[in-house]
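K.L.:
Please see the structure below; I have some questions.
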Amino acid sequence: MHRDTQVALARRLFALIDARRTDMSETCVRHPVSVYTCATILQQERDRLFSDRPLIITASSRIREPGDYLTDDRCGVPILLVRNRNGELNAFANTCRHRGARLANGCGSGVSSFVCPYHGWGYNLDGKLRVLSPRDAFPGLDCDHVDLVRLPVAERHGLVWVLPRPGGKIDEDTLLPGLDSELASYDLTRFAHFETRAIQKRINWKLGIDTFLESWHIDKLHRESINPIFMPGIGLVDTFGDNMRIVFPRRSIVELRDQPEDTWDLLRHTLVIYVLFPNTLLNWQGRHFEMWRMFPANGDDPGQSVAEASLYPPASLHNEQMKSYWTRNLDLLTGVVEGEDFKLAEDIQRGFDARTQQYITFGRNEPGLIRYHERLRQALASC
Ligand code: FES
Ligand SMILES: [Fe+2]
């Protein structure tokens with residue numbers, strides 16, 4: 001984050017700390033419970049958010065070298081991402097052109113081709129069919145016209161988006177409007193993937209996101225865990241096109257007050273959450289970043305979801321000596337989110353499913369929730 005932005009945000013935070021308040025919305029908002037329970041809304045979300053829009057799949061550093069690949073099925077489309085020999089990223093449907101078998105699983109490195117496990121057709125890293133056997137069984141089939149189905153992919157500032165629908169196009173200018181330069185300043189390619197954990201919960205996928213969008217529950221729900229670290233009930237919320245930046249201060253931020261402004265290192269004293277629409281959170285955690293991606297689970301139940309948490313420490317600190325440190329870090333993170341936030345969210349979902357109330361209320365002190373759900377409503381209404 002650029003220094004002038006850090007100083008401007010720190011000044012705003014100190015003003016809020018002095019006033020003992022947070023960024024506020026104009027008014028509170030009634031929010032329909034059906035958003036979390038309605039199967040029709042879930043289907044609209046699948047079509048318009050998880051099929052028609054580019055989704056963040058990973059940080060680039062997870063597939064840094066030629067021959068690195070990664071598969072991803074979370075949005076419902078089996079995606080195969082691979083870096084080719086020239087270092088370019090390709091995204092394909094992870095399905096063989098013969099009879100549709102899945103080509104690759106998990107992730108890996110050092111591959112030069114993908115060989116179908118069913119009958120052995122082989123594809124190069126640009127998706128070209130290079131091994132077709134037996135040839136005489138497929139008269140007239142021209143290898144040069146049987147490429148893997150290509151999916152649009154974009155790589156920007158160390159993040160990778162895929163549009164999970166063939167034939168479309170990603171307009172890169174719409175991915176990070178107003179945040180390009182700020183995200184570039186982190187140089188996310190300096191960070192290495194440590195581990196990704198998937199958490200399946202009986203909650204709507206948006207409840208998983210909601211829990212990150214305000215901090216005034218920290219001194220209640222997280223009193224024993226992270227309350228000693230974060231200053232509850234104070235946060236900055238700024239909107240950039242579809243995306244948002246939310247800044248929550250750590251208690252240590254008061255140290256900056258004794259230091260000259262031009263030395264202020266806001267990033268050491270805050271949690272910065274980039275809410276990258278529609279389902280990804282990129283969280284700067286002082287020295288490293290984490291990525292959360294939330295998805296509806298397979299099936300028709302709006303009350304089931306999968307959250308994926310990935311930790312990316314600086315590449316220079318991703319080594320054997322630091323392994324237990326980063327493992328503890330990830331344990332704390334998933335322990336708090338899964339064991340406290342998502343646990344409580346499961347109770348919320350049960351209450352929603354019981355249909356005892358039609359509306360909940362977002363307070364003026366919850367502008368992140370108000371804006372995020374407003375944007376979701378627009379996205380579903382606009383198509
Ligand atoms: S399905 Fe892939 S080779 Fe037959
Ligand atoms: Fe929380």
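Letters A, B, ... mark the chains of the structure tokens in the order given; residue numbers begin at 1 per chain; ligand numbers begin at 1, in order shown.
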Within 8 Å of ligand 1, which residues show up when you count only C-alpha atoms and all ligand atoms? List them as a PDB file with N, CA and C atoms, in the first residue's frame, please.
P.N.:
```
ATOM      1  N   THR A  95     -11.573 -31.692 -18.683  1.00  0.00           N
ATOM      2  CA  THR A  95     -12.315 -32.833 -19.222  1.00  0.00           C
ATOM      3  C   THR A  95     -11.750 -33.231 -20.581  1.00  0.00           C
ATOM      4  N   CYS A  96     -11.531 -34.507 -20.748  1.00  0.00           N
ATOM      5  CA  CYS A  96     -10.955 -35.023 -21.985  1.00  0.00           C
ATOM      6  C   CYS A  96     -11.938 -34.864 -23.155  1.00  0.00           C
ATOM      7  N   ARG A  97     -11.401 -34.586 -24.353  1.00  0.00           N
ATOM      8  CA  ARG A  97     -12.258 -34.388 -25.518  1.00  0.00           C
ATOM      9  C   ARG A  97     -12.740 -35.709 -26.122  1.00  0.00           C
ATOM     10  N   HIS A  98     -12.183 -36.838 -25.665  1.00  0.00           N
ATOM     11  CA  HIS A  98     -12.663 -38.119 -26.174  1.00  0.00           C
ATOM     12  C   HIS A  98     -14.037 -38.433 -25.587  1.00  0.00           C
ATOM     13  N   ARG A  99     -14.069 -38.811 -24.314  1.00  0.00           N
ATOM     14  CA  ARG A  99     -15.364 -39.115 -23.709  1.00  0.00           C
ATOM     15  C   ARG A  99     -15.534 -38.445 -22.359  1.00  0.00           C
ATOM     16  N   GLY A 100     -14.718 -37.420 -22.149  1.00  0.00           N
ATOM     17  CA  GLY A 100     -15.007 -36.524 -21.026  1.00  0.00           C
ATOM     18  C   GLY A 100     -14.369 -36.850 -19.700  1.00  0.00           C
ATOM     19  N   ALA A 101     -13.406 -37.767 -19.654  1.00  0.00           N
ATOM     20  CA  ALA A 101     -12.805 -38.102 -18.355  1.00  0.00           C
ATOM     21  C   ALA A 101     -12.042 -36.899 -17.802  1.00  0.00           C
ATOM     22  N   ARG A 102     -11.907 -36.924 -16.491  1.00  0.00           N
ATOM     23  CA  ARG A 102     -11.154 -35.862 -15.816  1.00  0.00           C
ATOM     24  C   ARG A 102      -9.662 -36.079 -16.072  1.00  0.00           C
ATOM     25  N   LEU A 103      -8.966 -35.001 -16.403  1.00  0.00           N
ATOM     26  CA  LEU A 103      -7.569 -35.169 -16.813  1.00  0.00           C
ATOM     27  C   LEU A 103      -6.586 -35.110 -15.656  1.00  0.00           C
ATOM     28  N   VAL A 115      -2.058 -36.697 -19.594  1.00  0.00           N
ATOM     29  CA  VAL A 115      -2.477 -37.924 -20.265  1.00  0.00           C
ATOM     30  C   VAL A 115      -3.762 -38.399 -19.605  1.00  0.00           C
ATOM     31  N   CYS A 116      -4.779 -38.599 -20.427  1.00  0.00           N
ATOM     32  CA  CYS A 116      -6.072 -38.997 -19.883  1.00  0.00           C
ATOM     33  C   CYS A 116      -5.968 -40.392 -19.267  1.00  0.00           C
ATOM     34  N   PRO A 117      -6.468 -40.553 -18.025  1.00  0.00           N
ATOM     35  CA  PRO A 117      -6.351 -41.855 -17.360  1.00  0.00           C
ATOM     36  C   PRO A 117      -7.276 -42.915 -17.954  1.00  0.00           C
ATOM     37  N   TYR A 118      -8.207 -42.505 -18.826  1.00  0.00           N
ATOM     38  CA  TYR A 118      -9.212 -43.472 -19.304  1.00  0.00           C
ATOM     39  C   TYR A 118      -8.692 -44.260 -20.501  1.00  0.00           C
ATOM     40  N   HIS A 119      -8.310 -43.561 -21.580  1.00  0.00           N
ATOM     41  CA  HIS A 119      -7.826 -44.282 -22.767  1.00  0.00           C
ATOM     42  C   HIS A 119      -6.507 -43.729 -23.292  1.00  0.00           C
ATOM     43  N   GLY A 120      -5.932 -42.793 -22.558  1.00  0.00           N
ATOM     44  CA  GLY A 120      -4.565 -42.394 -22.882  1.00  0.00           C
ATOM     45  C   GLY A 120      -4.392 -41.260 -23.867  1.00  0.00           C
ATOM     46  N   TRP A 121      -5.421 -40.549 -24.229  1.00  0.00           N
ATOM     47  CA  TRP A 121      -5.176 -39.382 -25.077  1.00  0.00           C
ATOM     48  C   TRP A 121      -4.283 -38.407 -24.300  1.00  0.00           C
ATOM     49  N   GLY A 122      -3.404 -37.712 -25.035  1.00  0.00           N
ATOM     50  CA  GLY A 122      -2.442 -36.822 -24.381  1.00  0.00           C
ATOM     51  C   GLY A 122      -2.536 -35.398 -24.911  1.00  0.00           C
ATOM     52  N   LEU A 132      -3.270 -39.345 -29.850  1.00  0.00           N
ATOM     53  CA  LEU A 132      -4.620 -39.838 -30.119  1.00  0.00           C
ATOM     54  C   LEU A 132      -4.466 -41.288 -30.538  1.00  0.00           C
TER      55      LEU A 132
END
```
K.L.:
Please identify every polymer residue within 12 Å of ligand 2, using only C-alpha atoms and all ligand atoms, and present the set as a ChimeraX atom specification.
P.N.:
/A:207-227,230,232-233,248,333-345
K.L.:
Please produce an output containing N, CA, C and O atoms for each residue in the selection, written as a compact mmCIF listing (two decimals), in the first residue's frame.
P.N.:
```txt
# COMPACT_ATOMS: atom_id res chain seq x y z
N LEU A 207 -22.92 -16.08 4.55
CA LEU A 207 -22.71 -15.92 5.99
C LEU A 207 -21.23 -16.01 6.32
O LEU A 207 -20.74 -15.37 7.25
N GLY A 208 -20.52 -16.82 5.54
CA GLY A 208 -19.06 -16.93 5.72
C GLY A 208 -18.38 -15.60 5.43
O GLY A 208 -17.42 -15.22 6.12
N ILE A 209 -18.87 -14.89 4.44
CA ILE A 209 -18.28 -13.58 4.12
C ILE A 209 -18.71 -12.54 5.14
O ILE A 209 -17.90 -11.74 5.62
N ASP A 210 -20.00 -12.57 5.50
CA ASP A 210 -20.53 -11.55 6.41
C ASP A 210 -19.68 -11.42 7.68
O ASP A 210 -19.51 -10.33 8.21
N THR A 211 -19.19 -12.55 8.14
CA THR A 211 -18.50 -12.54 9.43
C THR A 211 -17.22 -11.69 9.42
O THR A 211 -16.74 -11.26 10.45
N PHE A 212 -16.69 -11.47 8.19
CA PHE A 212 -15.45 -10.68 8.09
C PHE A 212 -15.72 -9.17 7.92
O PHE A 212 -14.79 -8.38 7.88
N LEU A 213 -17.00 -8.78 7.76
CA LEU A 213 -17.26 -7.42 7.28
C LEU A 213 -17.50 -6.39 8.38
O LEU A 213 -17.75 -5.23 8.10
N GLU A 214 -17.49 -6.81 9.62
CA GLU A 214 -17.55 -5.84 10.72
C GLU A 214 -16.74 -6.40 11.88
O GLU A 214 -16.50 -7.61 11.94
N SER A 215 -16.34 -5.50 12.80
CA SER A 215 -15.46 -5.95 13.88
C SER A 215 -16.03 -5.73 15.27
O SER A 215 -15.34 -5.93 16.26
N TRP A 216 -17.30 -5.30 15.34
CA TRP A 216 -17.78 -4.99 16.70
C TRP A 216 -18.24 -6.22 17.44
O TRP A 216 -18.74 -6.12 18.56
N HIS A 217 -18.08 -7.42 16.81
CA HIS A 217 -18.35 -8.64 17.57
C HIS A 217 -17.07 -9.17 18.23
O HIS A 217 -17.12 -10.13 18.99
N ILE A 218 -15.93 -8.53 17.95
CA ILE A 218 -14.66 -9.12 18.39
C ILE A 218 -14.57 -9.21 19.92
O ILE A 218 -14.12 -10.22 20.46
N ASP A 219 -15.01 -8.15 20.63
CA ASP A 219 -14.86 -8.21 22.09
C ASP A 219 -15.95 -9.04 22.76
O ASP A 219 -15.95 -9.19 23.99
N LYS A 220 -16.90 -9.55 21.96
CA LYS A 220 -17.89 -10.47 22.53
C LYS A 220 -17.53 -11.91 22.11
O LYS A 220 -17.07 -12.71 22.90
N LEU A 221 -17.68 -12.17 20.81
CA LEU A 221 -17.49 -13.55 20.33
C LEU A 221 -16.03 -14.01 20.46
O LEU A 221 -15.76 -15.17 20.73
N HIS A 222 -15.11 -13.11 20.25
CA HIS A 222 -13.69 -13.49 20.23
C HIS A 222 -12.93 -12.96 21.45
O HIS A 222 -11.74 -12.69 21.39
N ARG A 223 -13.66 -12.81 22.58
CA ARG A 223 -13.05 -12.17 23.74
C ARG A 223 -11.75 -12.85 24.18
O ARG A 223 -10.78 -12.21 24.55
N GLU A 224 -11.76 -14.21 24.10
CA GLU A 224 -10.59 -14.94 24.59
C GLU A 224 -9.53 -15.15 23.51
O GLU A 224 -8.41 -15.50 23.81
N SER A 225 -9.90 -14.99 22.25
CA SER A 225 -8.95 -15.35 21.19
C SER A 225 -8.25 -14.14 20.59
O SER A 225 -7.09 -13.86 20.89
N ILE A 226 -8.95 -13.36 19.76
CA ILE A 226 -8.25 -12.28 19.07
C ILE A 226 -8.56 -10.88 19.63
O ILE A 226 -7.98 -9.90 19.18
N ASN A 227 -9.43 -10.82 20.62
CA ASN A 227 -9.72 -9.50 21.20
C ASN A 227 -8.47 -8.83 21.77
O ASN A 227 -8.33 -7.62 21.66
N PHE A 230 -6.91 -7.17 18.40
CA PHE A 230 -7.61 -6.17 17.58
C PHE A 230 -8.45 -5.22 18.43
O PHE A 230 -8.94 -5.59 19.50
N PRO A 232 -11.76 -3.60 18.83
CA PRO A 232 -13.08 -3.90 18.27
C PRO A 232 -13.88 -2.65 17.95
O PRO A 232 -13.66 -1.59 18.54
N GLY A 233 -14.78 -2.79 17.00
CA GLY A 233 -15.77 -1.74 16.76
C GLY A 233 -15.25 -0.53 16.02
O GLY A 233 -15.92 0.50 15.98
N PHE A 248 -9.23 -2.82 9.70
CA PHE A 248 -9.47 -2.93 11.13
C PHE A 248 -8.14 -2.73 11.87
O PHE A 248 -7.15 -3.40 11.55
N LEU A 333 -5.91 -19.01 12.85
CA LEU A 333 -6.86 -18.41 11.92
C LEU A 333 -8.09 -19.30 11.73
O LEU A 333 -9.23 -18.87 11.92
N THR A 334 -7.85 -20.54 11.37
CA THR A 334 -9.00 -21.41 11.09
C THR A 334 -9.73 -21.78 12.40
O THR A 334 -10.93 -21.97 12.40
N GLY A 335 -8.97 -21.82 13.49
CA GLY A 335 -9.60 -22.10 14.79
C GLY A 335 -10.60 -21.01 15.15
O GLY A 335 -11.73 -21.30 15.56
N VAL A 336 -10.19 -19.76 14.97
CA VAL A 336 -11.09 -18.65 15.31
C VAL A 336 -12.26 -18.60 14.34
O VAL A 336 -13.42 -18.50 14.74
N VAL A 337 -11.96 -18.68 13.05
CA VAL A 337 -13.02 -18.51 12.06
C VAL A 337 -13.98 -19.71 12.08
O VAL A 337 -15.20 -19.55 12.13
N GLU A 338 -13.40 -20.91 12.08
CA GLU A 338 -14.28 -22.09 12.06
C GLU A 338 -14.91 -22.34 13.44
O GLU A 338 -16.10 -22.59 13.55
N GLY A 339 -14.08 -22.24 14.47
CA GLY A 339 -14.53 -22.61 15.81
C GLY A 339 -15.40 -21.55 16.47
O GLY A 339 -16.15 -21.85 17.39
N GLU A 340 -15.28 -20.30 16.03
CA GLU A 340 -16.05 -19.24 16.68
C GLU A 340 -17.04 -18.60 15.69
O GLU A 340 -18.25 -18.68 15.87
N ASP A 341 -16.53 -18.01 14.59
CA ASP A 341 -17.44 -17.33 13.65
C ASP A 341 -18.40 -18.30 12.97
O ASP A 341 -19.61 -18.10 12.96
N PHE A 342 -17.85 -19.34 12.34
CA PHE A 342 -18.70 -20.24 11.56
C PHE A 342 -19.59 -21.09 12.46
O PHE A 342 -20.69 -21.48 12.10
N LYS A 343 -19.09 -21.37 13.66
CA LYS A 343 -19.91 -22.14 14.62
C LYS A 343 -21.16 -21.34 14.97
O LYS A 343 -22.27 -21.86 14.96
N LEU A 344 -20.95 -20.04 15.23
CA LEU A 344 -22.10 -19.19 15.53
C LEU A 344 -22.98 -19.04 14.29
O LEU A 344 -24.21 -19.01 14.37
N ALA A 345 -22.33 -18.98 13.13
CA ALA A 345 -23.10 -18.81 11.88
C ALA A 345 -23.99 -20.03 11.63
O ALA A 345 -25.07 -19.89 11.04
```
K.L.:
Give me the residues near stretch 23-34 of chain A as a list in words, where near means some atom within 9 Å (using only C-alpha atoms) and where sequence neighbours in that chain fewer than 6 positions away do not count.
P.N.:
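So the residues in contact are Leu16, Ile41, Ile234, Gly235, Leu236, Val237, Phe352, Asp353, Arg355, Gln357, Gln358, Tyr359, Ile360, Thr361, Phe362, Gly363, Arg364, Asn365, Glu366, Pro367, Gly368, Ile370, Arg371 and His373 of chain A.
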K.L.:
With distances taken over only C-alpha atoms, which residue among A:Arg64, A:Arg268, A:Lys323, A:Lys206 lies nearest A:Leu281?
P.N.:
A:Lys206
K.L.:
So which one's closest to A:Asp187, A:Phe289, A:Trp326, A:Phe295, A:Phe50? Using only C-alpha atoms, please.
P.N.:
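Smallest distance to A:Asp187 is found for A:Phe289.
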K.L.:
Which one is closest to A:Leu183: A:Arg287, A:Lys128, A:His2, A:Arg165? Count only C-alpha atoms.
P.N.:
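When distances to A:Leu183 are compared using only C-alpha atoms, the smallest one comes from A:His2.
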K.L.:
Let's see if you can do this: from backbone DSSP, list all alpha helix (DSSP H) residues in stretch 9-48 of chain A, as JSON, numbers by chain.
P.N.:
{"A": [9, 10, 11, 12, 13, 14, 15, 16, 17, 18, 19, 34, 35, 36, 37, 39, 40, 41, 42, 43, 44, 45, 46, 47, 48]}
K.L.:
Which residue is closest to A:Ser60? Choose from A:Arg245, A:Arg83, A:His288, A:Arg46 and count only C-alpha atoms.
P.N.:
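Among the listed residues, A:Arg83 lies closest to A:Ser60.
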K.L.:
Residues within 12 Å of A:Arg3, please, as a ChimeraX atom specification. Count only C-alpha atoms; anything in the same chain fewer than 6 positions from it doesn't count.
P.N.:
/A:9-10,182,185-186,261-267
K.L.:
Grab the atom CA of A:Met291 to atom CA of A:Gly168 distance for me, in Å with one decimal place.
P.N.:
25.6 Å
K.L.:
Excluding A:Leu125 and residues on its chain fewer than 4 positions from it, collect all residues at most 9 Å away from it, counting only C-alpha atoms, and give them as a list in words.
P.N.:
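Result of the neighbour search: Gly67, Val82, Arg83, Asn84, Arg85, Asn90, Val111, Ser112, Ser113 and Phe114 of chain A.
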